[in-house]
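Engineer: Take a look at the following structure, please.
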Amino acid sequence: KDNVVLAFKELTGESKPSLLKTKLDINPTYKKNNTDDDDDDNYEGPTSIVVVKDNLNPWDQMKARLQNSTLIRNILKGSKKITDVAANTTIGKQAQQVTENVKDKIEDFREIWETSQNPIIYTLSGVWENMTSETEEAMTVSTIKKLDKNFRKDEWVEETKDKLAAPLIKSHLQGDIKVWKSWLSEGVFKLLQADINARKHDGYVFDSNILNIDHNQMVLKLHDNGRPVIAVVYMVQQINCIRNREGEIIEGSESELRAKFYSIVYEQHYNEDTGEVFWKIIEYAFVGDIPYTV
């Protein structure tokens, strides 16, 4: 919990300047088109509680509740089919560097990729060609820099991973996301809170320890509203252990490691009144997992 609070303080500007929130002189060009009016019209995910099947394990229940949205499907619309390109993705290569055992698990999991109808799985397959061309990314970066001239993609994704994604995922697993409310769209906050309430109702207590987190895919794209969005897929090394209200382990064990995959979409916002440029999470999904063997 202390790490979550520390990360939140860093984001609020109590330490060194952040690439996730900055302040600039009022730019008249952006006053009308890029004002953050907090209407959250961009959220295109589910707006009600998702009913899941009782025979699913707690992780699959959470996955079903955090459904992918129209926005994510649109980002991935260039991906028509899954091919053997998965073996050459960043995820595959990084896994092979860890151990050959993980490579075997990647091969097992690829069957899920190839048969899945869930567009978010497409992000894990690495089929991003049609919407991640250098031209589109360059246009997106150019738009971002109109508001934040100091934007650097590599530094941004590292800071986001360490100060926002990791502590947010941990808070979500712990069941308390209130501290992150200002960083989430209204739709995402309600979606995560509904998932937390469902887990509490069922008496599920997830192990929230995050041993390691890496970004495995990143797409920069202009949203239909003209705002830049960055979609990131994270591979999170976690202890797979779920307990019931009585403290009994009902899923996994205290020593079982798994690689969990999360997809988060960030959107750049500009508040005309304060002159602040900041990033807000407009999509959040738990994608799935594979065994992590060392």
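Chain labels run A, B, ... following the order of the structure tokens; each chain numbers its residues from 1, and ligands are numbered from 1 in the order shown.
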Determine, counting only C-alpha atoms, which protein, DNA and RNA residues have an atom within 7 Å of an atom of segment 58-64 of chain A; residues of the same chain fewer than 3 positions away are not included. Present the result as a list in words.
Structural biologist: Val52, Gln67, Asp195, Phe286 and Val287 of chain A
Engineer: Any chance you could export the current selection's N, CA, C and O atoms as an mmCIF file, in the first residue's frame?
Structural biologist:
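Final output, result04.cif:
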```cif
data_model
loop_
_atom_site.group_PDB
_atom_site.id
_atom_site.type_symbol
_atom_site.label_atom_id
_atom_site.label_comp_id
_atom_site.auth_asym_id
_atom_site.auth_seq_id
_atom_site.Cartn_x
_atom_site.Cartn_y
_atom_site.Cartn_z
ATOM 1 N N VAL A 52 -21.628 -13.167 -15.179
ATOM 2 C CA VAL A 52 -20.700 -14.200 -15.619
ATOM 3 C C VAL A 52 -21.168 -15.554 -15.130
ATOM 4 O O VAL A 52 -21.934 -15.664 -14.165
ATOM 5 N N GLN A 67 -14.805 -6.693 -19.928
ATOM 6 C CA GLN A 67 -14.923 -6.972 -21.347
ATOM 7 C C GLN A 67 -14.204 -5.936 -22.190
ATOM 8 O O GLN A 67 -14.116 -4.770 -21.819
ATOM 9 N N ASP A 195 -16.354 -4.740 -10.666
ATOM 10 C CA ASP A 195 -15.605 -6.002 -10.558
ATOM 11 C C ASP A 195 -15.161 -6.241 -9.117
ATOM 12 O O ASP A 195 -15.252 -7.359 -8.602
ATOM 13 N N PHE A 286 -8.404 -7.162 -18.340
ATOM 14 C CA PHE A 286 -7.558 -8.310 -18.025
ATOM 15 C C PHE A 286 -7.717 -9.292 -19.167
ATOM 16 O O PHE A 286 -8.824 -9.725 -19.488
ATOM 17 N N VAL A 287 -6.606 -9.648 -19.801
ATOM 18 C CA VAL A 287 -6.649 -10.425 -21.030
ATOM 19 C C VAL A 287 -6.605 -11.923 -20.788
ATOM 20 O O VAL A 287 -7.337 -12.697 -21.393
#
```
Engineer: Considering only C-alpha atoms, return as a compact mmCIF listing (two decimals) with N, CA and C atoms, in the first residue's frame whatever protein or nucleic-acid residues lie within 6 Å of segment 205-221 of chain A, sequence-local ones (same chain, fewer than 5 positions apart) excluded.
Structural biologist:
```txt
# COMPACT_ATOMS: atom_id res chain seq x y z
N THR A 90 7.25 -9.38 -29.42
CA THR A 90 8.06 -8.99 -28.26
C THR A 90 7.82 -9.94 -27.11
N ILE A 91 6.56 -10.31 -26.89
CA ILE A 91 6.24 -11.22 -25.80
C ILE A 91 6.97 -12.54 -25.97
N GLU A 137 1.95 6.50 -36.44
CA GLU A 137 2.60 6.77 -35.16
C GLU A 137 3.24 8.15 -35.16
N THR A 140 0.64 10.74 -34.66
CA THR A 140 0.17 10.76 -33.28
C THR A 140 1.17 11.45 -32.37
N LYS A 170 -2.23 -3.30 -8.97
CA LYS A 170 -2.14 -3.76 -7.58
C LYS A 170 -3.35 -3.29 -6.77
N LEU A 173 -6.41 -5.30 -7.67
CA LEU A 173 -6.40 -6.63 -7.06
C LEU A 173 -6.69 -6.55 -5.57
N GLN A 174 -6.22 -5.48 -4.93
CA GLN A 174 -6.46 -5.29 -3.50
C GLN A 174 -7.91 -4.90 -3.21
N PRO A 228 -4.95 12.03 -29.06
CA PRO A 228 -4.03 10.89 -29.17
C PRO A 228 -4.35 9.85 -28.11
N VAL A 229 -4.27 8.58 -28.49
CA VAL A 229 -4.41 7.49 -27.53
C VAL A 229 -3.22 6.56 -27.66
N ILE A 230 -2.83 5.97 -26.55
CA ILE A 230 -1.75 4.99 -26.54
C ILE A 230 -2.26 3.73 -25.87
N ALA A 231 -2.27 2.64 -26.61
CA ALA A 231 -2.71 1.35 -26.08
C ALA A 231 -1.48 0.52 -25.73
N VAL A 232 -1.45 0.00 -24.51
CA VAL A 232 -0.30 -0.77 -24.05
C VAL A 232 -0.77 -2.11 -23.50
N VAL A 233 -0.07 -3.18 -23.88
CA VAL A 233 -0.30 -4.49 -23.30
C VAL A 233 0.85 -4.79 -22.34
N TYR A 234 0.51 -5.11 -21.10
CA TYR A 234 1.52 -5.39 -20.08
C TYR A 234 1.54 -6.88 -19.74
N MET A 235 2.75 -7.42 -19.55
CA MET A 235 2.90 -8.77 -19.02
C MET A 235 3.35 -8.64 -17.57
N VAL A 236 2.54 -9.13 -16.64
CA VAL A 236 2.78 -8.95 -15.22
C VAL A 236 3.06 -10.30 -14.57
N GLN A 237 4.20 -10.42 -13.93
CA GLN A 237 4.54 -11.64 -13.21
C GLN A 237 3.88 -11.56 -11.83
N GLN A 238 2.95 -12.48 -11.56
CA GLN A 238 2.18 -12.46 -10.32
C GLN A 238 2.17 -13.82 -9.64
N CYS A 241 -2.63 -16.90 -6.50
CA CYS A 241 -3.16 -17.45 -5.26
C CYS A 241 -4.42 -16.67 -4.87
N ILE A 242 -5.53 -17.36 -4.77
CA ILE A 242 -6.80 -16.75 -4.39
C ILE A 242 -7.35 -17.48 -3.16
N ARG A 243 -7.79 -16.71 -2.18
CA ARG A 243 -8.34 -17.28 -0.95
C ARG A 243 -9.82 -16.91 -0.81
```
Engineer: List the neighbours of Tyr266 of chain A out to 12 Å using only C-alpha atoms; skip same-chain residues closer than 6 positions along the sequence, and give me the result as a PyMOL selection string.
Structural biologist: chain A and resi 20+42-43+71-72+156-157+160-161+164-165+183-185+188+218-223+227-233+278-284
Engineer: Now that the selection is made, can you save its residues with N, CA and C atoms as a compact mmCIF listing (two decimals), in the first residue's frame?
Structural biologist:
```txt
# COMPACT_ATOMS: atom_id res chain seq x y z
N LEU A 20 3.48 12.26 -17.36
CA LEU A 20 2.07 11.92 -17.33
C LEU A 20 1.19 13.11 -17.02
N ASN A 42 -15.76 9.37 -24.48
CA ASN A 42 -14.92 8.44 -25.22
C ASN A 42 -15.04 7.01 -24.74
N TYR A 43 -15.58 6.79 -23.55
CA TYR A 43 -15.67 5.43 -23.05
C TYR A 43 -16.67 4.64 -23.88
N LEU A 71 -13.86 0.56 -28.65
CA LEU A 71 -12.62 1.30 -28.93
C LEU A 71 -11.47 0.34 -29.20
N ILE A 72 -11.32 -0.67 -28.35
CA ILE A 72 -10.24 -1.63 -28.54
C ILE A 72 -10.43 -2.37 -29.85
N TRP A 156 8.08 7.83 -21.64
CA TRP A 156 6.67 7.86 -21.24
C TRP A 156 6.19 6.47 -20.86
N VAL A 157 6.49 5.47 -21.67
CA VAL A 157 5.96 4.13 -21.39
C VAL A 157 6.59 3.54 -20.14
N THR A 160 4.91 5.45 -17.16
CA THR A 160 3.54 5.00 -17.04
C THR A 160 3.47 3.61 -16.42
N LYS A 161 4.35 2.74 -16.86
CA LYS A 161 4.38 1.37 -16.34
C LYS A 161 4.64 1.36 -14.83
N LEU A 164 1.96 4.28 -12.83
CA LEU A 164 0.52 4.25 -13.01
C LEU A 164 -0.01 2.83 -13.20
N ALA A 165 0.49 2.12 -14.21
CA ALA A 165 -0.05 0.79 -14.52
C ALA A 165 0.15 -0.19 -13.37
N TRP A 183 -7.53 9.59 -12.38
CA TRP A 183 -6.75 9.12 -13.54
C TRP A 183 -7.55 8.19 -14.43
N LEU A 184 -8.79 7.89 -14.02
CA LEU A 184 -9.63 6.96 -14.77
C LEU A 184 -10.83 7.69 -15.35
N SER A 185 -11.25 7.28 -16.54
CA SER A 185 -12.51 7.79 -17.05
C SER A 185 -13.62 7.28 -16.14
N VAL A 188 -14.41 3.59 -16.85
CA VAL A 188 -13.44 2.62 -16.35
C VAL A 188 -13.53 2.50 -14.84
N MET A 218 2.86 -1.74 -27.74
CA MET A 218 2.38 -0.37 -27.59
C MET A 218 1.96 0.17 -28.96
N VAL A 219 0.77 0.75 -29.01
CA VAL A 219 0.24 1.33 -30.25
C VAL A 219 -0.14 2.78 -29.99
N LEU A 220 0.35 3.68 -30.84
CA LEU A 220 -0.01 5.10 -30.78
C LEU A 220 -0.96 5.39 -31.93
N LYS A 221 -2.09 6.00 -31.61
CA LYS A 221 -3.13 6.18 -32.61
C LYS A 221 -3.94 7.43 -32.29
N LEU A 222 -4.51 8.05 -33.31
CA LEU A 222 -5.42 9.18 -33.09
C LEU A 222 -6.84 8.66 -32.98
N HIS A 223 -7.50 9.03 -31.89
CA HIS A 223 -8.88 8.64 -31.67
C HIS A 223 -9.76 9.40 -32.67
N ARG A 227 -8.10 13.21 -30.34
CA ARG A 227 -7.14 13.08 -29.25
C ARG A 227 -6.22 11.89 -29.46
N PRO A 228 -4.95 12.03 -29.06
CA PRO A 228 -4.03 10.89 -29.17
C PRO A 228 -4.35 9.85 -28.11
N VAL A 229 -4.27 8.58 -28.49
CA VAL A 229 -4.41 7.49 -27.53
C VAL A 229 -3.22 6.56 -27.66
N ILE A 230 -2.83 5.97 -26.55
CA ILE A 230 -1.75 4.99 -26.54
C ILE A 230 -2.26 3.73 -25.87
N ALA A 231 -2.27 2.64 -26.61
CA ALA A 231 -2.71 1.35 -26.08
C ALA A 231 -1.48 0.52 -25.73
N VAL A 232 -1.45 0.00 -24.51
CA VAL A 232 -0.30 -0.77 -24.05
C VAL A 232 -0.77 -2.11 -23.50
N VAL A 233 -0.07 -3.18 -23.88
CA VAL A 233 -0.30 -4.49 -23.30
C VAL A 233 0.85 -4.79 -22.34
N PHE A 278 -2.51 16.11 -19.35
CA PHE A 278 -2.36 14.87 -18.58
C PHE A 278 -2.95 13.70 -19.36
N TRP A 279 -2.67 12.50 -18.86
CA TRP A 279 -3.15 11.28 -19.50
C TRP A 279 -4.19 10.62 -18.61
N LYS A 280 -5.25 10.14 -19.23
CA LYS A 280 -6.32 9.47 -18.50
C LYS A 280 -6.55 8.09 -19.10
N ILE A 281 -6.80 7.12 -18.23
CA ILE A 281 -7.08 5.75 -18.69
C ILE A 281 -8.53 5.66 -19.12
N ILE A 282 -8.74 5.30 -20.39
CA ILE A 282 -10.10 5.22 -20.92
C ILE A 282 -10.52 3.78 -21.21
N GLU A 283 -9.58 2.83 -21.10
CA GLU A 283 -9.92 1.41 -21.24
C GLU A 283 -8.98 0.60 -20.35
N TYR A 284 -9.51 -0.47 -19.76
CA TYR A 284 -8.72 -1.36 -18.90
C TYR A 284 -9.30 -2.75 -19.05
```
Engineer: Restricting the calculation to only C-alpha atoms: of A:Ala166, A:Phe151, A:Ile177, A:His269, which residue gets closest to Gly226 of chain A?
Structural biologist: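 Checking each candidate against Gly226 of chain A, we get A:His269 as the closest.
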Engineer: Which of these residues is nearest to Val277 of chain A, using only C-alpha atoms: A:Val265, A:Ile169, A:Leu147, A:Val179?
Structural biologist: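 Between A:Val265, A:Ile169, A:Leu147, A:Val179, the residue approaching Val277 of chain A most closely is A:Leu147.
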Engineer: Please measure the separation of atom CA of Gln193 of chain A and atom CA of Ala285 of chain A, giving the value in Å to one decimal.
Structural biologist: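 If I compute the distance from atom CA of Gln193 of chain A to atom CA of Ala285 of chain A, I get 13.1 Å.
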Engineer: Hey, which of A:Asp224, A:Thr274, A:His172, A:Glu248 ends up closest to Asn197 of chain A? Count only C-alpha atoms.
Structural biologist: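 That would be A:His172, the residue with the smallest distance to Asn197 of chain A.
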Engineer: Tell me which of A:Ile144, A:Ile239, A:Ala198, A:Leu191 sits closest to Lys260 of chain A, counting only C-alpha atoms.
Structural biologist: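 Among the listed residues, the smallest separation from Lys260 of chain A belongs to A:Ile239.
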Engineer: Please report the interatomic distance between atom CA of Phe261 of chain A and atom CA of Gly288 of chain A in Å with one decimal.
Structural biologist: 5.5 Å
